[in-house]
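Structure, as C-alpha cells:
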Amino acid sequence: MRNYGRTSIYEFLGDFVVYRNLAPLDPRLPALPVLRAEVGLPEGITPRKSQPDYARVMAFLLRQARALETPNTPIERLVYVGDTRMNDGTAFANICHAGNWPGLAFIGAERDEPARVEIAGQDSGTLYLANRWAALSDFEDFCRERGRHRPLRSTTSEGFPLDERTAVVVDLDKTALGARGRNDHVIDHARVAAVRRTVGDLLGEAFDPASFQAAYDRLNQPEFHPFTADNQDYLAYMCLILGSGLYALESLVADVRADRLRTFEQFIARVDTRAAELPDHLRSMHGGIYALVQQGDPTPFKSFRYNEYETTVERMGQSDDDLPVTRLLQEEIVITQEVREIALAWKERGALLFGLSDKPDEASIPTDDLSAQGYQPIHRVETHAIGG
Ligand SMILES: [Mg+2]
C-alpha cells in the first residue's frame, strides 16, 4: 500500500457528479427542475439509488454529459464501479435497462480472505465481484475478453472497448472514497461524530457521551432496522430525544420488541404529543424535523447533515504527507488509488466518467456561509490517494 499524494475526485470526474437529490453539479447539465420535466419525475419525489426512476435520470444525464463533450457520439455501453452487490448491482442493472445498454460492473471490496472473483450474469449486464480493489486491473482484461469471445448487444465489432462510446459510472461512497474493507470505517466515524456533535450541541450540559454512545450503538443494530428504517437522521433524532430524558432507552427497546412501536413515524408522532415537556429549543427542533418527516423528506435532521459535511471534510487531507499509510487509512477518508488510476486511464481513452453518491446533498455540499469561506463539495476536497 502506497501514498500517491494529494488529489480530489474532481481530478477524474470533474463536476460530473450527482449526490442523493440528483441535482447535477456541473452547471452545463440541466438543472433539477428541467431534469424532472424531461424524465417525467414528479415534484417532491427523489428516487433512491436502487429505484428505476433513479436510473432513468442517470441515463438521461449520461447522454447529456456525453453530448457536451463529444456530440454525435452515442453511448453504446455502460461500465459501473461500485462496492455493494445489492445496491450498486441493482442501480447498474436499472441504468443498463433505462439506457438500453449492455453493461459490465465491477463490485469491489478488500477482504481478509484468499483473493477471488465471482462472475454473476444477470439479464441486464454482468457483475464482476472481487475481494481486492487491485482486481480492477484484471477487470479491464475481463472487459476486453468479454468483448472478444461473447459480444453482448454491442453494435460495434470490437466488443466491449472502453472508448468514447462507453459511459463509466463511478460510485463515490466507499468506492472512489473510503474503499470498502480498507478505509470505509472512517466514513462511518465521521457520521457518528456528526450525530454526537449535533446531539451534544443541542443538549448542552445535559449531554452524556456514554449513554449517547450506548443508545446509538444499540439502535444502529440490524434488529432495529425495521423501526429506524436504517435511516441515520431518524437515529440521530432518537438519540436526541433519549438524551433529553423524554424517553428511556430500555423502554423504547421494550416498546419496539413488543410491537408497541413499529415505525419511526409512530415514535415521532408520540413525541409530538409530549412536545410541551421539551425545553424550548428542543421543542422547536422537534417541530422542524416532524414537519419534514410529514412531508416525506428522508433526511429531515438538517443540522445533523450539515455537521456531517464538516466532520467528513475534517477527515480529508488533514494529515501530514509523511504519515505512515496504515495511519492515513485509519484517520483519513482517502481516495482509492486503484479506482483513480483506472478512471484516469479510461478517461484518457475517451470514455465518459460520471460519479454518483448516495450521501445527502446537505452532507456533501457546503452551505453558502462555508462556501464563502472556501469550503468545497466533497468531490473537490483534496485528500491523499492510497492504494496498492
Ligand atoms: Mg457505495
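The chains in the C-alpha cells are called A, B, ... from first to last as shown; in each chain the residues are counted from 1, and the ligands are counted from 1 in the order shown.
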
ask   = Could you name the residues that touch range 110-120 of chain A at 10 Å or less, counting only C-alpha atoms, but leaving out those on the same chain fewer than 4 positions away, as a list in words?
value =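 Using only C-alpha atoms, the neighbours found are Asp83, Ala105, Phe106, Gly125, Thr126, Leu127, Tyr128, Leu129, Ala130, Asn131, Arg132, Trp133, Ala134, Ala135, Asp138, Phe139, Ala179, Arg180, Gly181, Arg182 and Asn183 of chain A.
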
Which chain A residues have any atom within 9 Å of an atom of ligand 1, and for each, what is the nearest pair of atoms with distance in Å to one decimal, counting only C-alpha atoms and all ligand atoms, rows sorted by chain and number, as a Markdown table?
| residue | atom | partner | partner_atom_place_in_ligand_line | distance |
| --- | --- | --- | --- | --- |
| A:Gly82 | CA | ligand 1 | 1 (Mg) | 5.8 |
| A:Asp83 | CA | ligand 1 | 1 (Mg) | 5.1 |
| A:Thr84 | CA | ligand 1 | 1 (Mg) | 6.2 |
| A:Asn87 | CA | ligand 1 | 1 (Mg) | 8.0 |
| A:Asp88 | CA | ligand 1 | 1 (Mg) | 7.1 |
| A:Asp171 | CA | ligand 1 | 1 (Mg) | 5.6 |
| A:Leu172 | CA | ligand 1 | 1 (Mg) | 6.1 |
| A:Asp173 | CA | ligand 1 | 1 (Mg) | 4.1 |
| A:Lys174 | CA | ligand 1 | 1 (Mg) | 4.7 |
| A:Thr175 | CA | ligand 1 | 1 (Mg) | 5.6 |
| A:Ala176 | CA | ligand 1 | 1 (Mg) | 8.4 |
| A:Leu177 | CA | ligand 1 | 1 (Mg) | 8.8 |
| A:Ala179 | CA | ligand 1 | 1 (Mg) | 8.6 |
| A:Arg180 | CA | ligand 1 | 1 (Mg) | 8.0 |
| A:Leu356 | CA | ligand 1 | 1 (Mg) | 9.0 |
| A:Ser357 | CA | ligand 1 | 1 (Mg) | 7.3 |
| A:Asp358 | CA | ligand 1 | 1 (Mg) | 7.5 |

Deliver the residues from the most recent selection as a file, using N, CA and C atoms, as a short mmCIF file (atom, residue, chain, number, x, y, z; two decimals), in the first residue's frame.
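In the end it all went to part27.cif:
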data_model
loop_
_atom_site.label_atom_id
_atom_site.label_comp_id
_atom_site.auth_asym_id
_atom_site.auth_seq_id
_atom_site.Cartn_x
_atom_site.Cartn_y
_atom_site.Cartn_z
N GLY A 82 -18.52 -0.05 -8.30
CA GLY A 82 -19.16 0.18 -7.01
C GLY A 82 -18.66 -0.78 -5.96
N ASP A 83 -19.33 -0.78 -4.80
CA ASP A 83 -18.85 -1.60 -3.67
C ASP A 83 -19.92 -2.48 -3.04
N THR A 84 -21.19 -2.36 -3.47
CA THR A 84 -22.21 -3.22 -2.84
C THR A 84 -23.02 -3.96 -3.89
N ASN A 87 -27.15 -2.94 -3.75
CA ASN A 87 -27.49 -1.56 -4.09
C ASN A 87 -26.86 -1.13 -5.43
N ASP A 88 -25.56 -1.32 -5.56
CA ASP A 88 -24.90 -0.94 -6.81
C ASP A 88 -25.31 -1.86 -7.95
N ASP A 171 -19.29 4.93 -8.38
CA ASP A 171 -19.89 5.19 -7.08
C ASP A 171 -18.83 5.89 -6.21
N LEU A 172 -19.25 6.92 -5.49
CA LEU A 172 -18.27 7.64 -4.65
C LEU A 172 -18.10 6.98 -3.28
N ASP A 173 -19.22 6.74 -2.59
CA ASP A 173 -19.18 6.30 -1.19
C ASP A 173 -18.63 4.89 -1.04
N LYS A 174 -17.49 4.80 -0.40
CA LYS A 174 -16.85 3.52 -0.11
C LYS A 174 -16.35 2.82 -1.38
N THR A 175 -16.28 3.55 -2.49
CA THR A 175 -15.67 3.04 -3.71
C THR A 175 -14.52 3.97 -4.09
N ALA A 176 -14.84 5.13 -4.67
CA ALA A 176 -13.78 6.08 -5.03
C ALA A 176 -13.19 6.74 -3.77
N LEU A 177 -14.02 6.88 -2.75
CA LEU A 177 -13.60 7.48 -1.48
C LEU A 177 -13.86 6.48 -0.36
N ALA A 179 -12.48 3.33 0.48
CA ALA A 179 -12.69 1.99 -0.08
C ALA A 179 -13.21 0.99 0.94
N ARG A 180 -14.27 0.27 0.55
CA ARG A 180 -14.86 -0.72 1.45
C ARG A 180 -13.82 -1.78 1.83
N LEU A 356 -21.60 9.08 -8.92
CA LEU A 356 -22.82 9.23 -8.14
C LEU A 356 -22.54 8.93 -6.68
N SER A 357 -23.28 9.62 -5.83
CA SER A 357 -23.13 9.43 -4.39
C SER A 357 -24.51 9.40 -3.76
N ASP A 358 -24.66 8.51 -2.78
CA ASP A 358 -25.93 8.39 -2.08
C ASP A 358 -25.96 9.28 -0.84
#

Determine, using only C-alpha atoms, which residues of range 140-233 of chain A have any atom at most 12 Å from an atom of range 46-58 of chain A, and tabulate each with its shortest atom pair and distance in Å to one decimal place, rows ordered by chain and then rising number, as CSV.
residue,atom,partner,partner_atom,distance
A:Ala167,CA,A:Met58,CA,10.9
A:Val168,CA,A:Met58,CA,11.5
A:Val169,CA,A:Met58,CA,9.3
A:Val170,CA,A:Met58,CA,11.9
A:Asp171,CA,A:Lys49,CA,10.6

key: Residues of range 89-248 of chain A in alpha helix (DSSP H), written as a count of residues only   = 73

Which of A:Glu43, A:Glu164, A:Asp297, A:Glu382 sits closest to Arg349 in chain A [using only C-alpha atoms] = A:Glu164

Go through range 329-378 of chain A and collect every residue that DSSP, computed from the backbone, puts in strand (DSSP E); the answer should be as an mmCIF file with C-alpha atoms, in the first residue's frame.
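Just written: selection18.cif:
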data_model
loop_
_atom_site.group_PDB
_atom_site.id
_atom_site.type_symbol
_atom_site.label_atom_id
_atom_site.label_comp_id
_atom_site.auth_asym_id
_atom_site.auth_seq_id
_atom_site.Cartn_x
_atom_site.Cartn_y
_atom_site.Cartn_z
ATOM 1 C CA ILE A 335 -9.171 8.280 -2.460
ATOM 2 C CA THR A 336 -8.911 4.708 -3.716
ATOM 3 C CA LEU A 352 -17.350 9.391 -20.246
ATOM 4 C CA LEU A 353 -16.772 9.325 -16.485
ATOM 5 C CA PHE A 354 -19.674 10.179 -14.174
ATOM 6 C CA GLY A 355 -19.885 9.915 -10.394
ATOM 7 C CA LEU A 356 -22.821 9.231 -8.135
#

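Between Leu78 in chain A and the residues A:Thr7, A:Ala351, A:Phe207, A:Leu22, the shortest atom-to-atom distance, using only C-alpha atoms, involves A:Ala351.
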
task = Select, from A:Asp368, A:Glu265, A:Glu250, A:Glu310, the residue with the minimum atom-to-atom distance to Thr228 in chain A, counting only C-alpha atoms.
result = A:Glu265

request  = Provide the CA of Pro300 in chain A to CA of Ser251 in chain A distance in Å, to one decimal place.
outcome  =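 That distance, rounded to one decimal, is 24.4 Å.
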
Would you write out, as a Markdown table, a table of all residues in range 5-32 of chain A that have an atom no more than 10 Å from an atom of range 315-334 of chain A, listing for each the closest atom pair and the distance in Å to one decimal, considering only C-alpha atoms and ordering rows by chain and rising residue number?
| residue | atom | partner | partner_atom | distance |
| --- | --- | --- | --- | --- |
| A:Gly5 | CA | A:Asp321 | CA | 7.2 |
| A:Arg6 | CA | A:Gly317 | CA | 7.3 |
| A:Thr7 | CA | A:Gly317 | CA | 8.9 |
| A:Ser8 | CA | A:Val334 | CA | 9.2 |

Mind dumping the selected residues with C-alpha atoms as a tab-separated table (two decimals), in the first residue's frame?
chain	number	residue	atom	x	y	z
A	5	GLY	CA	-0.07	12.16	-2.84
A	6	ARG	CA	-2.96	14.59	-2.65
A	7	THR	CA	-5.74	14.88	-5.18
A	8	SER	CA	-9.53	15.02	-5.36

query = Which residues, written as an MDAnalysis selection string, have at least one atom at most 8 Å from Thr73 in chain A, with only C-alpha atoms counted and residues fewer than 3 positions away on the same chain left out?
reply = chainID A and resid 66:67 70 164:165

message = Using Å and a single decimal, report how far CA of Asp201 in chain A sits from CA of Gly243 in chain A.
response =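 About the pair CA of Gly243 in chain A and CA of Asp201 in chain A: they are 11.5 Å apart.
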
Straight-line distance linking CA of Leu136 in chain A with CA of Gly387 in chain A, stated in Å to one decimal =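 Here the two named atoms are 11.7 Å from each other.
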
Against range 283-292 of chain A, which residues of range 157-211 of chain A fall within 12 Å? For each one I want the closest pair of atoms and the distance in Å (one decimal), counting only C-alpha atoms, rows by chain and increasing residue number, as a Markdown table.
| residue | atom | partner | partner_atom | distance |
| --- | --- | --- | --- | --- |
| A:Thr198 | CA | A:Met285 | CA | 11.3 |
| A:Val199 | CA | A:Met285 | CA | 11.1 |
| A:Leu202 | CA | A:Met285 | CA | 9.0 |
| A:Leu203 | CA | A:Met285 | CA | 11.5 |

Next, write the just-selected residues to a file, as a PDB file, in the first residue's frame, keeping N, CA and C atoms as the atom set.
ATOM      1  N   THR A 198     -24.043  16.978  16.950  1.00  0.00           N
ATOM      2  CA  THR A 198     -25.369  17.584  16.842  1.00  0.00           C
ATOM      3  C   THR A 198     -26.143  17.434  18.147  1.00  0.00           C
ATOM      4  N   VAL A 199     -26.180  16.185  18.628  1.00  0.00           N
ATOM      5  CA  VAL A 199     -26.927  15.908  19.849  1.00  0.00           C
ATOM      6  C   VAL A 199     -26.260  16.622  21.029  1.00  0.00           C
ATOM      7  N   LEU A 202     -27.024  20.323  21.039  1.00  0.00           N
ATOM      8  CA  LEU A 202     -28.418  20.617  21.386  1.00  0.00           C
ATOM      9  C   LEU A 202     -28.717  20.363  22.857  1.00  0.00           C
ATOM     10  N   LEU A 203     -28.052  19.357  23.441  1.00  0.00           N
ATOM     11  CA  LEU A 203     -28.336  19.028  24.839  1.00  0.00           C
ATOM     12  C   LEU A 203     -27.485  19.839  25.805  1.00  0.00           C
TER      13      LEU A 203
END
